[in-house]
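Okay, structure first, notes after.
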Amino acid sequence: MHRLQSLANRSLISGAFDQCPAISRTSAKTSPKKTACRAGVRRKSQAPSADGPYGLKRYSTAEASAPSAGRTREKTLTMETLNPQVKGVEYAVRGPIVLKAGEIEKYLQEGGQKPFTEVIKANIGDAHAMGQQPITFLRQVVALCTFPELLDSPSFPEDAKWRAQRILRGCGGQSIGSYSASQGVDCIRQDIAAYIEQRDQGVPAHWDNIFLTTGASDGIVSILRLLVSGQGSTRTGVMIPIPQYPLYSAAIAEMDAVQVNYYLDEDNCWALDVRELHRAYQAARQHCQPRVLCIINPGNPTGQVQSKKCIEDVLHFAYEENLFVMADEVYQENVYAPDCRFHSFKKVLYEMGPEYFNSVELASFHSTSKGYTGECGFRGGFMEIVNLDVEVKAQLVKMLSVRLCPPVSGQAAMDVIVNPPQPDEPSHTQFYKEKAVVLGALADKAKLTEQILNAVPGIKCNPVQGAMYAFPRIFIPPKAVEEAEALGMQPDMMYCLRLLEETGICVVPGSGFGQREGTYHFRMTILPSPEKLKVLLEKVHDFHIKFLNEYSALDEAQHV
């Protein structure tokens, strides 16, 4: 019976990859009849002479498109000539499972039958796609910037109008349709600096060190581009946490840098142990030059919030080893555990004294996509740089000028986040009520996720202290591991494909984020509505029990 089920699983999983649009594509062809028609039109418009005004022979479309006898033109760009660094790029969050989920969704919409009626996509932190409502004040300000005629409407509050007018005055032609400076609109950069000073309780911030970006990702990649250099044993090594957000491994692969893994401590709620940093650094020095230390706090995919003591240890390590620190702080508003709080790397660095604050190079990142706004589509974000060499800073400005500027609408959205309504303004009460509702719901869902997953035999989930994800460890029976290996895939990939095909739940295998050898996980977002999240978690519960029974491993899982 197990062999028959195994064969069925192989068919199901291989089919998932066979049908993947990234692998199987059809190309549209122009009909010969249409080509001839167009050629006829061109021939009528030709001058009588066979030669053009410069003595060059003129050909009709039909003549130009006719291949030489026995000769087929080879493509310039093939998998053999493709940039090898591009081949090495992987991004699990939108990988094969997500493509398969899209196919299933389309199949259901066309009337196809499955054991479920909808696909629940818990693979990505896209808040609005999961049903979260926009913050009213943010949308009002962006609407006013986009269509200034609304400034005369009594439907919009005065504080929203004032902010929109200020932003528009900073734009060329007073329109957000114009390019901004490459670093961003000046008044928005000034607001961000003021926000950072307030957040960090008086730690100075200068707006000339603020760069608006196309989401946080744009800033992260830009800084990495500055840092990657050298060849062979002098090639830049980039230290990243494992598990990590796949942006980092993808960017490192594309730049042909060296990925240096340091492992978070799963048994200690994904804490960062500085001894592990030392181990990873010393091992990497044998084959590269580690220059960069990346931290994600609160953690993605792991949901931990680092303590102030941990951050101090990390900064001391970076100081001693002369490392550039990249602090990914896009989830700084998303802290749910009552005994945790967000500490910015910059504030902790300042409190460590001038010796540290005036020397450690630091870039920190924020975004409109996370927090309580969830405005992913605006692609708004910023980075603050500290202690960057003056000449290098000029090179950064030059490099950013190549992409002209980040979306100005996204910059406007970012301005609302850093410059929200004040207590004496008309929108204050509604704004903070909406913010509290979003963050309160996320805190409740974080606790619910942890509780339900930990009730499943063979699943262990650390507390979701912050961010938007759970990263539970799953027990996969040895027989299932062998089956996955025979199929040439990671065991947790096979698990997640089966989960999708049998329940409609789309999560991302832990192997896409990195994990310790012999452990298996998946990442899921906590963003679905409470009702949908309960359905999702119950389906995971039932599927996992069935999966264990299929491989006769339920008793074993209960003792893991």
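Convention: chains lettered A, B, ... in structure tokens order; per-chain residue numbering from 1; ligands numbered from 1 as shown.
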DSSP on the backbone: what in range 288-459 of chain A comes out alpha helix (DSSP H), as an mmCIF file with N, CA and C atoms, in the first residue's frame?
```cif
data_model
loop_
_atom_site.group_PDB
_atom_site.id
_atom_site.type_symbol
_atom_site.label_atom_id
_atom_site.label_comp_id
_atom_site.auth_asym_id
_atom_site.auth_seq_id
_atom_site.Cartn_x
_atom_site.Cartn_y
_atom_site.Cartn_z
ATOM 1 N N LYS A 308 18.607 44.031 23.789
ATOM 2 C CA LYS A 308 19.608 45.093 23.726
ATOM 3 C C LYS A 308 20.998 44.531 23.966
ATOM 4 N N LYS A 309 21.128 43.588 24.895
ATOM 5 C CA LYS A 309 22.432 42.977 25.186
ATOM 6 C C LYS A 309 22.970 42.247 23.962
ATOM 7 N N CYS A 310 22.099 41.555 23.252
ATOM 8 C CA CYS A 310 22.504 40.853 22.039
ATOM 9 C C CYS A 310 23.022 41.842 20.999
ATOM 10 N N ILE A 311 22.313 42.961 20.822
ATOM 11 C CA ILE A 311 22.728 43.966 19.837
ATOM 12 C C ILE A 311 24.071 44.578 20.225
ATOM 13 N N GLU A 312 24.265 44.833 21.504
ATOM 14 C CA GLU A 312 25.564 45.339 21.981
ATOM 15 C C GLU A 312 26.686 44.367 21.635
ATOM 16 N N ASP A 313 26.448 43.076 21.871
ATOM 17 C CA ASP A 313 27.466 42.055 21.561
ATOM 18 C C ASP A 313 27.784 42.033 20.066
ATOM 19 N N VAL A 314 26.744 42.150 19.258
ATOM 20 C CA VAL A 314 26.926 42.129 17.803
ATOM 21 C C VAL A 314 27.747 43.340 17.358
ATOM 22 N N LEU A 315 27.415 44.520 17.882
ATOM 23 C CA LEU A 315 28.128 45.734 17.492
ATOM 24 C C LEU A 315 29.579 45.713 17.977
ATOM 25 N N HIS A 316 29.806 45.164 19.154
ATOM 26 C CA HIS A 316 31.186 45.031 19.647
ATOM 27 C C HIS A 316 31.981 44.096 18.739
ATOM 28 N N PHE A 317 31.359 43.003 18.319
ATOM 29 C CA PHE A 317 32.004 42.059 17.391
ATOM 30 C C PHE A 317 32.343 42.765 16.075
ATOM 31 N N ALA A 318 31.387 43.524 15.539
ATOM 32 C CA ALA A 318 31.620 44.238 14.283
ATOM 33 C C ALA A 318 32.739 45.266 14.426
ATOM 34 N N TYR A 319 32.789 45.923 15.571
ATOM 35 C CA TYR A 319 33.846 46.901 15.848
ATOM 36 C C TYR A 319 35.216 46.224 15.872
ATOM 37 N N GLU A 320 35.306 45.108 16.561
ATOM 38 C CA GLU A 320 36.581 44.397 16.698
ATOM 39 C C GLU A 320 37.062 43.831 15.369
ATOM 40 N N GLU A 321 36.137 43.342 14.550
ATOM 41 C CA GLU A 321 36.520 42.690 13.290
ATOM 42 C C GLU A 321 36.412 43.621 12.085
ATOM 43 N N PHE A 345 19.601 49.524 16.032
ATOM 44 C CA PHE A 345 21.052 49.348 16.103
ATOM 45 C C PHE A 345 21.747 50.691 16.285
ATOM 46 N N LYS A 346 21.205 51.737 15.666
ATOM 47 C CA LYS A 346 21.842 53.043 15.780
ATOM 48 C C LYS A 346 21.799 53.569 17.212
ATOM 49 N N LYS A 347 20.658 53.425 17.868
ATOM 50 C CA LYS A 347 20.530 53.920 19.247
ATOM 51 C C LYS A 347 21.470 53.161 20.180
ATOM 52 N N VAL A 348 21.519 51.841 20.020
ATOM 53 C CA VAL A 348 22.405 51.042 20.875
ATOM 54 C C VAL A 348 23.861 51.420 20.609
ATOM 55 N N LEU A 349 24.201 51.628 19.348
ATOM 56 C CA LEU A 349 25.563 52.032 18.993
ATOM 57 C C LEU A 349 25.914 53.359 19.662
ATOM 58 N N TYR A 350 24.994 54.303 19.655
ATOM 59 C CA TYR A 350 25.208 55.611 20.284
ATOM 60 C C TYR A 350 25.448 55.457 21.781
ATOM 61 N N GLU A 351 24.655 54.597 22.398
ATOM 62 C CA GLU A 351 24.768 54.421 23.855
ATOM 63 C C GLU A 351 26.025 53.673 24.264
ATOM 64 N N PRO A 354 31.249 57.208 22.197
ATOM 65 C CA PRO A 354 31.806 57.803 20.983
ATOM 66 C C PRO A 354 32.777 56.892 20.233
ATOM 67 N N GLU A 355 33.535 56.077 20.946
ATOM 68 C CA GLU A 355 34.498 55.194 20.289
ATOM 69 C C GLU A 355 33.803 54.280 19.285
ATOM 70 N N TYR A 356 32.620 53.816 19.646
ATOM 71 C CA TYR A 356 31.839 52.955 18.753
ATOM 72 C C TYR A 356 31.022 53.786 17.774
ATOM 73 N N PHE A 357 30.295 54.794 18.298
ATOM 74 C CA PHE A 357 29.340 55.536 17.482
ATOM 75 C C PHE A 357 30.013 56.311 16.362
ATOM 76 N N VAL A 390 33.347 59.824 3.138
ATOM 77 C CA VAL A 390 32.774 60.912 2.355
ATOM 78 C C VAL A 390 32.860 60.627 0.854
ATOM 79 N N GLU A 391 34.010 60.148 0.401
ATOM 80 C CA GLU A 391 34.161 59.869 -1.027
ATOM 81 C C GLU A 391 33.298 58.683 -1.463
ATOM 82 N N VAL A 392 33.163 57.696 -0.578
ATOM 83 C CA VAL A 392 32.297 56.554 -0.887
ATOM 84 C C VAL A 392 30.838 57.006 -0.956
ATOM 85 N N LYS A 393 30.467 57.922 -0.079
ATOM 86 C CA LYS A 393 29.097 58.441 -0.100
ATOM 87 C C LYS A 393 28.793 59.105 -1.444
ATOM 88 N N ALA A 394 29.773 59.828 -1.980
ATOM 89 C CA ALA A 394 29.595 60.449 -3.298
ATOM 90 C C ALA A 394 29.412 59.384 -4.375
ATOM 91 N N GLN A 395 30.122 58.272 -4.229
ATOM 92 C CA GLN A 395 29.956 57.161 -5.178
ATOM 93 C C GLN A 395 28.562 56.537 -5.054
ATOM 94 N N LEU A 396 28.054 56.458 -3.830
ATOM 95 C CA LEU A 396 26.696 55.928 -3.625
ATOM 96 C C LEU A 396 25.665 56.818 -4.311
ATOM 97 N N VAL A 397 25.811 58.135 -4.141
ATOM 98 C CA VAL A 397 24.878 59.063 -4.792
ATOM 99 C C VAL A 397 24.958 58.899 -6.302
ATOM 100 N N LYS A 398 26.166 58.763 -6.830
ATOM 101 C CA LYS A 398 26.343 58.565 -8.275
ATOM 102 C C LYS A 398 25.636 57.291 -8.733
ATOM 103 N N MET A 399 25.838 56.199 -7.997
ATOM 104 C CA MET A 399 25.237 54.922 -8.382
ATOM 105 C C MET A 399 23.710 54.996 -8.343
ATOM 106 N N LEU A 400 23.170 55.652 -7.301
ATOM 107 C CA LEU A 400 21.717 55.761 -7.190
ATOM 108 C C LEU A 400 21.141 56.657 -8.281
ATOM 109 N N SER A 401 21.927 57.604 -8.772
ATOM 110 C CA SER A 401 21.420 58.500 -9.813
ATOM 111 C C SER A 401 21.162 57.756 -11.121
ATOM 112 N N VAL A 402 21.800 56.599 -11.290
ATOM 113 C CA VAL A 402 21.580 55.810 -12.507
ATOM 114 C C VAL A 402 20.131 55.348 -12.593
ATOM 115 N N VAL A 408 7.873 58.347 -6.433
ATOM 116 C CA VAL A 408 7.565 59.483 -5.569
ATOM 117 C C VAL A 408 6.297 59.221 -4.762
ATOM 118 N N SER A 409 5.368 58.447 -5.312
ATOM 119 C CA SER A 409 4.174 58.085 -4.532
ATOM 120 C C SER A 409 4.575 57.250 -3.309
ATOM 121 N N GLY A 410 5.556 56.381 -3.489
ATOM 122 C CA GLY A 410 6.065 55.600 -2.361
ATOM 123 C C GLY A 410 6.773 56.474 -1.339
ATOM 124 N N GLN A 411 7.453 57.505 -1.819
ATOM 125 C CA GLN A 411 8.087 58.445 -0.899
ATOM 126 C C GLN A 411 7.019 59.173 -0.071
ATOM 127 N N ALA A 412 5.918 59.557 -0.724
ATOM 128 C CA ALA A 412 4.822 60.232 -0.010
ATOM 129 C C ALA A 412 4.226 59.320 1.060
ATOM 130 N N ALA A 413 4.058 58.040 0.724
ATOM 131 C CA ALA A 413 3.529 57.087 1.706
ATOM 132 C C ALA A 413 4.490 56.952 2.889
ATOM 133 N N MET A 414 5.791 56.916 2.591
ATOM 134 C CA MET A 414 6.788 56.822 3.660
ATOM 135 C C MET A 414 6.717 58.043 4.571
ATOM 136 N N ASP A 415 6.440 59.205 3.983
ATOM 137 C CA ASP A 415 6.367 60.429 4.787
ATOM 138 C C ASP A 415 5.253 60.348 5.823
ATOM 139 N N VAL A 416 4.128 59.750 5.459
ATOM 140 C CA VAL A 416 3.019 59.642 6.415
ATOM 141 C C VAL A 416 3.419 58.757 7.599
ATOM 142 N N ILE A 417 4.184 57.694 7.319
ATOM 143 C CA ILE A 417 4.596 56.783 8.394
ATOM 144 C C ILE A 417 5.503 57.495 9.392
ATOM 145 N N VAL A 418 6.400 58.340 8.888
ATOM 146 C CA VAL A 418 7.342 59.020 9.786
ATOM 147 C C VAL A 418 6.793 60.343 10.306
ATOM 148 N N HIS A 428 -5.846 62.541 14.178
ATOM 149 C CA HIS A 428 -5.051 61.805 15.170
ATOM 150 C C HIS A 428 -5.798 60.608 15.744
ATOM 151 N N THR A 429 -7.015 60.828 16.194
ATOM 152 C CA THR A 429 -7.765 59.760 16.882
ATOM 153 C C THR A 429 -8.009 58.572 15.959
ATOM 154 N N GLN A 430 -8.500 58.832 14.754
ATOM 155 C CA GLN A 430 -8.783 57.727 13.830
ATOM 156 C C GLN A 430 -7.497 57.011 13.430
ATOM 157 N N PHE A 431 -6.438 57.763 13.191
ATOM 158 C CA PHE A 431 -5.171 57.159 12.759
ATOM 159 C C PHE A 431 -4.672 56.156 13.790
ATOM 160 N N TYR A 432 -4.614 56.567 15.049
ATOM 161 C CA TYR A 432 -4.058 55.679 16.071
ATOM 162 C C TYR A 432 -5.013 54.551 16.448
ATOM 163 N N LYS A 433 -6.289 54.773 16.244
ATOM 164 C CA LYS A 433 -7.248 53.682 16.442
ATOM 165 C C LYS A 433 -7.029 52.596 15.397
ATOM 166 N N GLU A 434 -6.890 53.001 14.134
ATOM 167 C CA GLU A 434 -6.651 52.035 13.058
ATOM 168 C C GLU A 434 -5.321 51.310 13.256
ATOM 169 N N LYS A 435 -4.301 52.035 13.637
ATOM 170 C CA LYS A 435 -2.984 51.430 13.886
ATOM 171 C C LYS A 435 -3.074 50.386 14.990
ATOM 172 N N ALA A 436 -3.760 50.724 16.084
ATOM 173 C CA ALA A 436 -3.877 49.796 17.209
ATOM 174 C C ALA A 436 -4.659 48.540 16.826
ATOM 175 N N VAL A 437 -5.679 48.698 16.001
ATOM 176 C CA VAL A 437 -6.472 47.546 15.571
ATOM 177 C C VAL A 437 -5.606 46.566 14.782
ATOM 178 N N VAL A 438 -4.813 47.098 13.841
ATOM 179 C CA VAL A 438 -3.956 46.231 13.013
ATOM 180 C C VAL A 438 -2.931 45.503 13.877
ATOM 181 N N LEU A 439 -2.205 46.235 14.715
ATOM 182 C CA LEU A 439 -1.144 45.617 15.511
ATOM 183 C C LEU A 439 -1.723 44.686 16.578
ATOM 184 N N GLY A 440 -2.876 45.037 17.123
ATOM 185 C CA GLY A 440 -3.513 44.160 18.107
ATOM 186 C C GLY A 440 -3.948 42.845 17.492
ATOM 187 N N ALA A 441 -4.503 42.906 16.272
ATOM 188 C CA ALA A 441 -4.923 41.685 15.576
ATOM 189 C C ALA A 441 -3.718 40.809 15.254
ATOM 190 N N LEU A 442 -2.621 41.422 14.832
ATOM 191 C CA LEU A 442 -1.412 40.648 14.539
ATOM 192 C C LEU A 442 -0.877 39.962 15.788
ATOM 193 N N ALA A 443 -0.909 40.649 16.908
ATOM 194 C CA ALA A 443 -0.450 40.044 18.170
ATOM 195 C C ALA A 443 -1.315 38.839 18.536
ATOM 196 N N ASP A 444 -2.625 38.973 18.379
ATOM 197 C CA ASP A 444 -3.528 37.852 18.677
ATOM 198 C C ASP A 444 -3.251 36.668 17.749
ATOM 199 N N LYS A 445 -3.023 36.954 16.463
ATOM 200 C CA LYS A 445 -2.789 35.877 15.494
ATOM 201 C C LYS A 445 -1.428 35.225 15.709
ATOM 202 N N ALA A 446 -0.459 35.994 16.178
ATOM 203 C CA ALA A 446 0.850 35.413 16.491
ATOM 204 C C ALA A 446 0.717 34.377 17.605
ATOM 205 N N LYS A 447 -0.054 34.699 18.624
ATOM 206 C CA LYS A 447 -0.256 33.776 19.750
ATOM 207 C C LYS A 447 -1.070 32.561 19.313
ATOM 208 N N LEU A 448 -2.108 32.793 18.530
ATOM 209 C CA LEU A 448 -2.953 31.697 18.044
ATOM 210 C C LEU A 448 -2.129 30.717 17.213
ATOM 211 N N THR A 449 -1.294 31.238 16.336
ATOM 212 C CA THR A 449 -0.467 30.391 15.473
ATOM 213 C C THR A 449 0.454 29.507 16.295
ATOM 214 N N GLU A 450 1.129 30.112 17.232
ATOM 215 C CA GLU A 450 2.038 29.350 18.102
ATOM 216 C C GLU A 450 1.288 28.252 18.855
ATOM 217 N N GLN A 451 0.123 28.571 19.423
ATOM 218 C CA GLN A 451 -0.621 27.606 20.233
ATOM 219 C C GLN A 451 -1.104 26.420 19.404
ATOM 220 N N ILE A 452 -1.707 26.688 18.251
ATOM 221 C CA ILE A 452 -2.264 25.592 17.455
ATOM 222 C C ILE A 452 -1.165 24.711 16.876
ATOM 223 N N LEU A 453 -0.092 25.317 16.362
ATOM 224 C CA LEU A 453 0.987 24.511 15.786
ATOM 225 C C LEU A 453 1.661 23.638 16.837
ATOM 226 N N ASN A 454 1.823 24.163 18.039
ATOM 227 C CA ASN A 454 2.485 23.374 19.091
ATOM 228 C C ASN A 454 1.608 22.244 19.625
#
```
Interatomic distance (Å, one decimal) between CA of Ile296 in chain A and CA of Gly237 in chain A: 17.3 Å
Just want the 12 Å neighbourhood of Leu224 in chain A, counted on only C-alpha atoms, with same-chain residues fewer than 2 positions away dropped. Output as a ChimeraX atom specification. /A:217-222,226-229,236-239,247-259,291-294,324-326,363,396
CA of Gly510 in chain A to CA of Asp265 in chain A measures 15.2 Å
Could you name the residues that touch Phe116 in chain A at 10 Å or less, counting only C-alpha atoms, but leaving out those on the same chain fewer than 3 positions away, as a count of residues only? 8
Nearest candidate to Val185 in chain A (options A:Tyr495, A:Phe522, A:Phe382, A:Tyr245; using only C-alpha atoms):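 Once distances to Val185 in chain A are computed over only C-alpha atoms, the minimum belongs to A:Phe382.
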